[in-house]
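Coordinates from final_20.cif are shown below (mmCIF, C-alpha atoms).
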data_model
#
loop_
_atom_site.label_atom_id
_atom_site.label_comp_id
_atom_site.auth_asym_id
_atom_site.auth_seq_id
_atom_site.Cartn_x
_atom_site.Cartn_y
_atom_site.Cartn_z
CA MET N 1 24.09 4.51 16.79
CA ALA N 2 21.30 5.39 14.40
CA THR N 3 21.19 8.89 12.99
CA VAL N 4 17.49 9.18 13.74
CA GLU N 5 15.31 6.85 15.79
CA VAL N 6 11.53 7.00 16.00
CA ARG N 7 9.40 4.92 18.33
CA PHE N 8 5.71 5.13 17.55
CA SER N 9 2.59 3.56 18.96
CA ALA N 10 0.88 1.05 16.69
CA LEU N 11 -1.59 3.40 14.99
CA PRO N 12 -2.09 3.63 11.22
CA ALA N 13 -1.89 7.44 11.38
CA HIS N 14 1.75 7.24 12.48
CA VAL N 15 2.81 5.27 9.42
CA ARG N 16 2.61 8.45 7.40
CA THR N 17 4.84 10.21 9.92
CA ALA N 18 7.32 7.34 9.64
CA ARG N 19 7.36 7.70 5.83
CA LEU N 20 7.88 11.44 6.05
CA VAL N 21 10.75 11.15 8.54
CA ALA N 22 12.45 8.36 6.59
CA THR N 23 12.20 10.25 3.32
CA ALA N 24 13.54 13.44 4.88
CA VAL N 25 16.52 11.64 6.43
CA ALA N 26 17.18 9.74 3.17
CA ARG N 27 17.27 13.01 1.26
CA ARG N 28 19.59 14.50 3.84
CA ALA N 29 21.83 11.39 3.61
CA GLY N 30 22.18 11.97 -0.12
CA VAL N 31 19.97 9.18 -1.46
CA GLU N 32 19.26 9.97 -5.08
CA GLU N 33 16.07 11.92 -5.63
CA SER N 34 14.74 9.24 -8.01
CA LEU N 35 14.98 6.62 -5.23
CA LEU N 36 13.04 8.60 -2.63
CA ASP N 37 9.68 7.26 -3.83
CA GLU N 38 11.05 3.77 -3.35
CA VAL N 39 12.21 4.64 0.18
CA ARG N 40 8.79 6.14 0.96
CA LEU N 41 6.87 3.11 -0.29
CA ALA N 42 9.17 0.52 1.29
CA VAL N 43 9.16 2.21 4.69
CA GLY N 44 5.38 2.57 4.48
CA GLU N 45 4.90 -1.11 3.70
CA VAL N 46 7.17 -2.34 6.46
CA CYS N 47 5.71 0.02 9.05
CA SER N 48 2.12 -0.85 8.02
CA ARG N 49 2.93 -4.51 8.49
CA ALA N 50 4.45 -3.86 11.93
CA VAL N 51 1.49 -1.70 13.01
CA GLY N 52 -0.98 -4.35 11.84
CA LEU N 53 0.81 -7.10 13.74
CA HIS N 54 1.17 -4.98 16.90
CA GLN N 55 -2.52 -4.11 16.81
CA GLN N 56 -3.30 -7.81 16.84
CA HIS N 57 -0.66 -9.04 19.25
CA ALA N 58 1.03 -6.23 21.14
CA PRO N 59 -1.09 -3.04 20.94
CA LEU N 60 0.74 -1.29 23.77
CA GLU N 61 4.22 -1.85 22.42
CA PRO N 62 5.79 0.74 20.13
CA VAL N 63 7.28 0.01 16.71
CA LEU N 64 10.89 1.07 16.27
CA LEU N 65 12.14 2.81 13.14
CA SER N 66 15.90 3.43 12.96
CA LEU N 67 17.53 5.38 10.18
CA SER N 68 21.26 5.54 9.77
CA ASP N 69 23.62 7.11 7.39
CA ASP N 70 27.09 5.52 7.35
CA ASP N 71 29.81 5.13 4.75
CA GLY N 72 27.70 6.11 1.78
CA ARG N 73 24.85 3.83 2.79
CA PHE N 74 21.44 4.79 4.09
CA THR N 75 19.94 2.03 6.21
CA VAL N 76 16.39 1.74 7.52
CA THR N 77 15.54 -0.83 10.16
CA VAL N 78 12.01 -1.49 11.37
CA VAL N 79 11.64 -3.70 14.41
CA ASP N 80 8.43 -5.13 15.81
CA VAL N 81 7.80 -7.45 18.76
CA ALA N 82 4.84 -9.41 17.36
CA PRO N 83 4.86 -13.12 16.49
CA ALA N 84 6.31 -13.32 12.97
CA GLY N 85 4.07 -16.20 11.90
CA GLU N 86 3.33 -16.57 8.23
CA ALA N 87 3.70 -12.86 7.64
CA VAL N 88 7.25 -13.35 6.42
CA ALA N 89 6.53 -14.20 2.81
CA GLU N 90 9.16 -12.79 0.55
CA SER N 91 7.99 -13.13 -3.00
CA PHE N 92 4.96 -13.30 -5.22
CA ASP N 93 5.52 -16.98 -5.98
CA GLY N 94 2.21 -18.65 -5.49
CA ILE N 95 0.22 -15.41 -5.47
CA ASP N 96 -2.12 -15.40 -8.44
CA PRO N 97 -3.46 -11.92 -9.27
CA GLU N 98 -6.51 -13.41 -11.00
CA ALA N 99 -7.39 -15.45 -7.93
CA LEU N 100 -7.02 -12.38 -5.71
CA ALA N 101 -9.54 -10.54 -7.85
CA ALA N 102 -12.09 -13.34 -8.10
CA PRO N 103 -15.66 -12.09 -7.62
CA ALA N 104 -16.71 -11.60 -4.01
CA ALA N 105 -18.82 -14.36 -2.53
CA THR N 106 -22.48 -13.51 -2.16
CA ASP N 107 -25.04 -15.05 0.15
CA ALA N 108 -28.52 -16.26 -0.81
CA ASP N 109 -29.95 -12.73 -0.98
CA GLY N 110 -27.22 -11.59 -3.32
CA GLN N 111 -25.69 -9.58 -0.49
CA GLN N 112 -21.97 -9.77 -0.37
CA VAL N 113 -20.59 -11.83 2.44
CA GLY N 114 -18.55 -9.63 4.70
CA ALA N 115 -19.46 -6.45 2.84
CA ARG N 116 -18.97 -4.28 5.90
CA ALA N 117 -15.83 -2.19 6.26
CA GLY N 118 -12.74 -4.09 7.23
CA ALA N 119 -14.09 -7.42 6.03
CA PRO N 120 -11.77 -10.05 4.56
CA THR N 121 -12.69 -9.14 0.96
CA ASP N 122 -10.06 -6.43 1.07
CA LEU N 123 -7.33 -8.42 2.73
CA LEU N 124 -4.42 -9.36 0.54
CA PRO N 125 -2.51 -12.46 1.62
CA ALA N 126 -0.28 -12.13 4.68
CA GLY N 127 3.17 -11.16 3.54
CA PHE N 128 1.94 -9.20 0.52
CA GLY N 129 3.42 -5.94 1.79
CA LEU N 130 6.81 -7.53 2.42
CA ALA N 131 6.69 -9.12 -1.01
CA VAL N 132 6.22 -5.62 -2.45
CA VAL N 133 9.30 -4.49 -0.53
CA THR N 134 11.47 -7.35 -1.74
CA GLY N 135 10.26 -6.71 -5.28
CA LEU N 136 11.12 -3.05 -4.94
CA VAL N 137 14.32 -2.81 -2.93
CA ASP N 138 17.54 -4.59 -3.95
CA ASP N 139 19.03 -4.86 -0.49
CA VAL N 140 16.53 -6.21 2.07
CA GLU N 141 17.20 -8.46 5.01
CA VAL N 142 14.36 -9.93 7.06
CA SER N 143 15.18 -11.68 10.31
CA THR N 144 13.02 -13.03 13.08
CA GLY N 145 13.79 -13.64 16.73
CA ASP N 146 14.99 -17.13 17.72
CA ASP N 147 11.72 -17.78 19.54
CA GLY N 148 9.64 -16.75 16.52
CA THR N 149 8.76 -13.40 18.05
CA GLY N 150 9.69 -10.08 16.54
CA THR N 151 10.77 -9.27 13.03
CA SER N 152 13.51 -6.93 11.99
CA VAL N 153 13.47 -5.66 8.41
CA ARG N 154 16.61 -3.91 7.25
CA MET N 155 16.74 -2.08 3.93
CA THR N 156 19.74 -0.32 2.51
CA TRP N 157 20.18 2.22 -0.25
CA VAL N 158 23.27 3.85 -1.66
CA ALA N 159 23.71 7.39 -0.40
CA SER N 160 26.07 9.93 -1.78
CA THR N 161 29.00 10.83 0.45
CA ALA N 162 28.85 14.41 -0.73
CA ARG N 163 26.55 16.01 1.81
CA PRO N 164 24.12 18.66 0.77
CA PRO N 165 25.10 21.99 2.28
CA ALA N 166 23.70 22.57 5.73
CA THR N 167 20.73 24.87 5.77
CA ILE N 168 19.91 27.08 8.67
CA MET X 1 -1.92 15.15 2.51
CA ASP X 2 -5.06 13.28 3.42
CA LEU X 3 -7.31 11.41 1.02
CA SER X 4 -9.84 13.28 -1.09
CA LEU X 5 -12.75 11.57 -2.82
CA SER X 6 -15.47 12.72 -5.17
CA THR X 7 -17.82 10.86 -7.48
CA ARG X 8 -19.83 11.71 -10.57
CA SER X 9 -21.94 9.80 -13.07
CA GLU X 10 -20.95 9.52 -16.72
CA GLY X 11 -23.64 7.55 -18.54
CA ASP X 12 -23.78 4.11 -16.94
CA ARG X 13 -20.38 4.58 -15.32
CA THR X 14 -19.45 6.16 -12.04
CA VAL X 15 -16.18 8.04 -11.93
CA VAL X 16 -14.46 8.14 -8.54
CA VAL X 17 -11.80 10.85 -8.39
CA VAL X 18 -9.19 10.06 -5.74
CA GLY X 19 -6.52 12.45 -4.55
CA GLY X 20 -3.82 12.44 -1.90
CA GLU X 21 -2.41 9.42 -0.12
CA ILE X 22 -3.97 5.96 -0.03
CA ASP X 23 -2.36 4.06 2.82
CA VAL X 24 -3.17 2.03 5.91
CA TYR X 25 -4.68 5.13 7.55
CA THR X 26 -6.80 6.47 4.69
CA ALA X 27 -7.70 3.24 2.83
CA PRO X 28 -10.81 2.55 4.99
CA LYS X 29 -12.35 5.77 3.64
CA LEU X 30 -11.88 4.62 0.04
CA ARG X 31 -13.17 1.16 0.96
CA GLU X 32 -16.35 2.64 2.40
CA GLN X 33 -16.86 4.77 -0.70
CA LEU X 34 -16.52 1.76 -3.01
CA ILE X 35 -18.82 -0.35 -0.82
CA ASP X 36 -21.44 2.44 -0.79
CA LEU X 37 -21.33 2.75 -4.57
CA VAL X 38 -21.72 -0.98 -5.13
CA SER X 39 -24.47 -1.28 -2.49
CA SER X 40 -26.42 1.45 -4.26
CA GLY X 41 -26.19 -0.36 -7.59
CA ASN X 42 -23.19 1.28 -9.27
CA TYR X 43 -21.36 -1.67 -10.79
CA HIS X 44 -19.29 0.05 -13.47
CA LEU X 45 -16.63 2.14 -11.82
CA VAL X 46 -13.75 4.22 -13.15
CA VAL X 47 -11.26 5.20 -10.46
CA ASP X 48 -9.30 8.27 -11.50
CA MET X 49 -5.95 8.07 -9.70
CA GLU X 50 -4.19 10.96 -11.40
CA GLY X 51 -4.30 12.99 -8.19
CA VAL X 52 -2.96 10.17 -6.02
CA GLU X 53 0.42 10.95 -4.51
CA PHE X 54 1.00 7.70 -2.70
CA LEU X 55 -0.42 4.19 -2.91
CA ASP X 56 0.68 1.18 -0.88
CA SER X 57 -0.46 -2.44 -0.68
CA THR X 58 -3.28 -1.56 1.74
CA GLY X 59 -4.67 0.71 -0.97
CA LEU X 60 -4.16 -2.01 -3.56
CA GLY X 61 -6.12 -4.35 -1.31
CA VAL X 62 -9.04 -1.92 -1.27
CA LEU X 63 -8.98 -1.60 -5.07
CA VAL X 64 -8.84 -5.39 -5.42
CA GLY X 65 -11.75 -5.62 -2.95
CA GLY X 66 -13.69 -3.14 -5.10
CA LEU X 67 -12.97 -5.18 -8.20
CA LYS X 68 -14.19 -8.35 -6.48
CA ARG X 69 -17.40 -6.60 -5.45
CA VAL X 70 -18.25 -5.24 -8.91
CA ARG X 71 -17.35 -8.56 -10.50
CA ALA X 72 -19.91 -10.23 -8.26
CA HIS X 73 -22.48 -8.13 -10.17
CA GLU X 74 -20.84 -8.57 -13.56
CA GLY X 75 -19.53 -5.05 -13.28
CA SER X 76 -16.18 -3.49 -14.04
CA LEU X 77 -13.56 -1.39 -12.35
CA GLY X 78 -11.08 0.48 -14.52
CA LEU X 79 -8.27 2.71 -13.33
CA VAL X 80 -6.95 5.95 -14.77
CA CYS X 81 -3.27 6.36 -14.04
CA THR X 82 -0.25 7.63 -15.93
CA GLN X 83 2.07 8.27 -12.98
CA GLU X 84 5.08 6.01 -13.07
CA ARG X 85 5.49 5.89 -9.28
CA ILE X 86 1.94 4.60 -8.86
CA LEU X 87 2.05 2.23 -11.85
CA LYS X 88 5.19 0.63 -10.45
CA ILE X 89 3.40 -1.07 -7.56
CA PHE X 90 0.78 -2.50 -9.95
CA ARG X 91 3.58 -3.97 -12.05
CA ILE X 92 5.56 -5.40 -9.12
CA THR X 93 2.47 -7.15 -7.80
CA GLY X 94 1.22 -8.41 -11.17
CA LEU X 95 -2.05 -6.53 -10.67
CA THR X 96 -1.68 -4.91 -14.11
CA LYS X 97 -3.14 -8.25 -15.25
CA VAL X 98 -6.43 -7.74 -13.45
CA PHE X 99 -7.04 -3.99 -13.66
CA PRO X 100 -7.64 -2.27 -16.97
CA ILE X 101 -5.39 0.82 -16.67
CA HIS X 102 -6.18 3.79 -18.88
CA ALA X 103 -4.36 7.02 -19.70
CA SER X 104 -7.43 9.26 -19.29
CA VAL X 105 -10.99 9.23 -17.98
CA GLU X 106 -12.21 9.62 -21.58
CA GLU X 107 -10.30 6.53 -22.62
CA ALA X 108 -11.65 4.59 -19.62
CA LEU X 109 -15.22 5.63 -20.44
CA ALA X 110 -14.79 4.59 -24.06
CA ALA X 111 -13.41 1.18 -23.05
CA THR X 112 -15.75 -1.77 -23.10
CA ASP X 113 -13.94 -3.92 -20.52
#
Just give me the structure as structure tokens.
Amino acid sequence: MATVEVRFSALPAHVRTARLVATAVARRAGVEESLLDEVRLAVGEVCSRAVGLHQQHAPLEPVLLSLSDDDGRFTVTVVDVAPAGEAVAESFDGIDPEALAAPAATDADGQQVGARAGAPTDLLPAGFGLAVVTGLVDDVEVSTGDDGTGTSVRMTWVASTARPPATI
Amino acid sequence: MDLSLSTRSEGDRTVVVVGGEIDVYTAPKLREQLIDLVSSGNYHLVVDMEGVEFLDSTGLGVLVGGLKRVRAHEGSLGLVCTQERILKIFRITGLTKVFPIHASVEEALAATD
């Protein structure tokens, strides 16, 4: 059983909560202080991806974050129930930074196409967040359900077995 | 910590000072700020990220979007950042190739890129 489990509704505001909880449990599990930024970023990326997919496909379903601390390993698992689709890209192969930053298209009046908030100009390719995670974390396992629905992302870090003293 | 934003003019440049966390929740606020600046004719931006505590790929997307917008007007978008934990995500994603990254606002203002 996981040490800590959090189920949260698919709202961007909760991603920060997920990061905070994961970082706190990682620290408690004895993950080295220098790796906590990595834990924070990786958990944020995976949870943002899950929230984004749930908002599109399953807005009423919660995202599951499980954190466990066993045998000197700290494991984070994030599970969503959305169609995995093309969102499971795992590297930056084929992503050209220069192409990403090409000037925004403008229409005849010189107004930028899609200049309103949330327009595609700001969307990085699907799978970008997961590619960040695989570039960042050594031990990542991404699996999808047999029917193509639901992704589980498991990330593991080394944790010290020497527990910090309990604080009251 | 939430996102804080302030802007000031320095010659023909606009400095945007960002603090706090840029993530999926707060990134829309930064996006709106950058869109407003470009819509009102500010095409040379310096984004000071020294007060940023967290940046994820959603935030990167907004910065890339800002760069695309200023480039459409032959403008520029330079970043000020010396924090290793923030620089790391630019390196992993290869975006160090597209953003000029400076060690101080002064250096960014002196740069011609």
- Given the file shown, determine the residues that the PyMOL selection byres ((chain X) within 6 of (chain N)) selects; report them as JSON, numbers by chain. {"X": [24, 25, 57, 61, 62, 64, 65, 68, 69, 71, 72, 95]}
- Query: Selected by the PyMOL selection byres ((chain X and resi 23) around 8) in the shown coordinates: which residues, as a ChimeraX atom specification?
  - Reply: /X:21-22,24-27,54-59
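Considering the residues N:Gln56, N:Val43, N:Gly148, N:Ala18 and counting only C-alpha atoms, N:Val76 has its shortest atom-to-atom contact with N:Val43.
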- Query: Which is closer to X:Arg8 than all the others in X:Ile35, X:Leu30, X:Leu67, X:Leu45, using all atoms listed in the file?
  - Reply: X:Leu45
- Could you state which residues are captured by the PyMOL selection byres ((chain N and resi 156) around 12) in this file, as a PyMOL selection string? chain N and resi 26+29+31+35+38-39+42-43+66-78+133-134+136-142+153-155+157-159
- Query: Which polymer residues have any atom within 6 Å of an atom of X:Asp48, counting only C-alpha atoms, with same-chain residues fewer than 6 positions away left out, as a ChimeraX atom specification?
  - Reply: /X:16-17,79-80
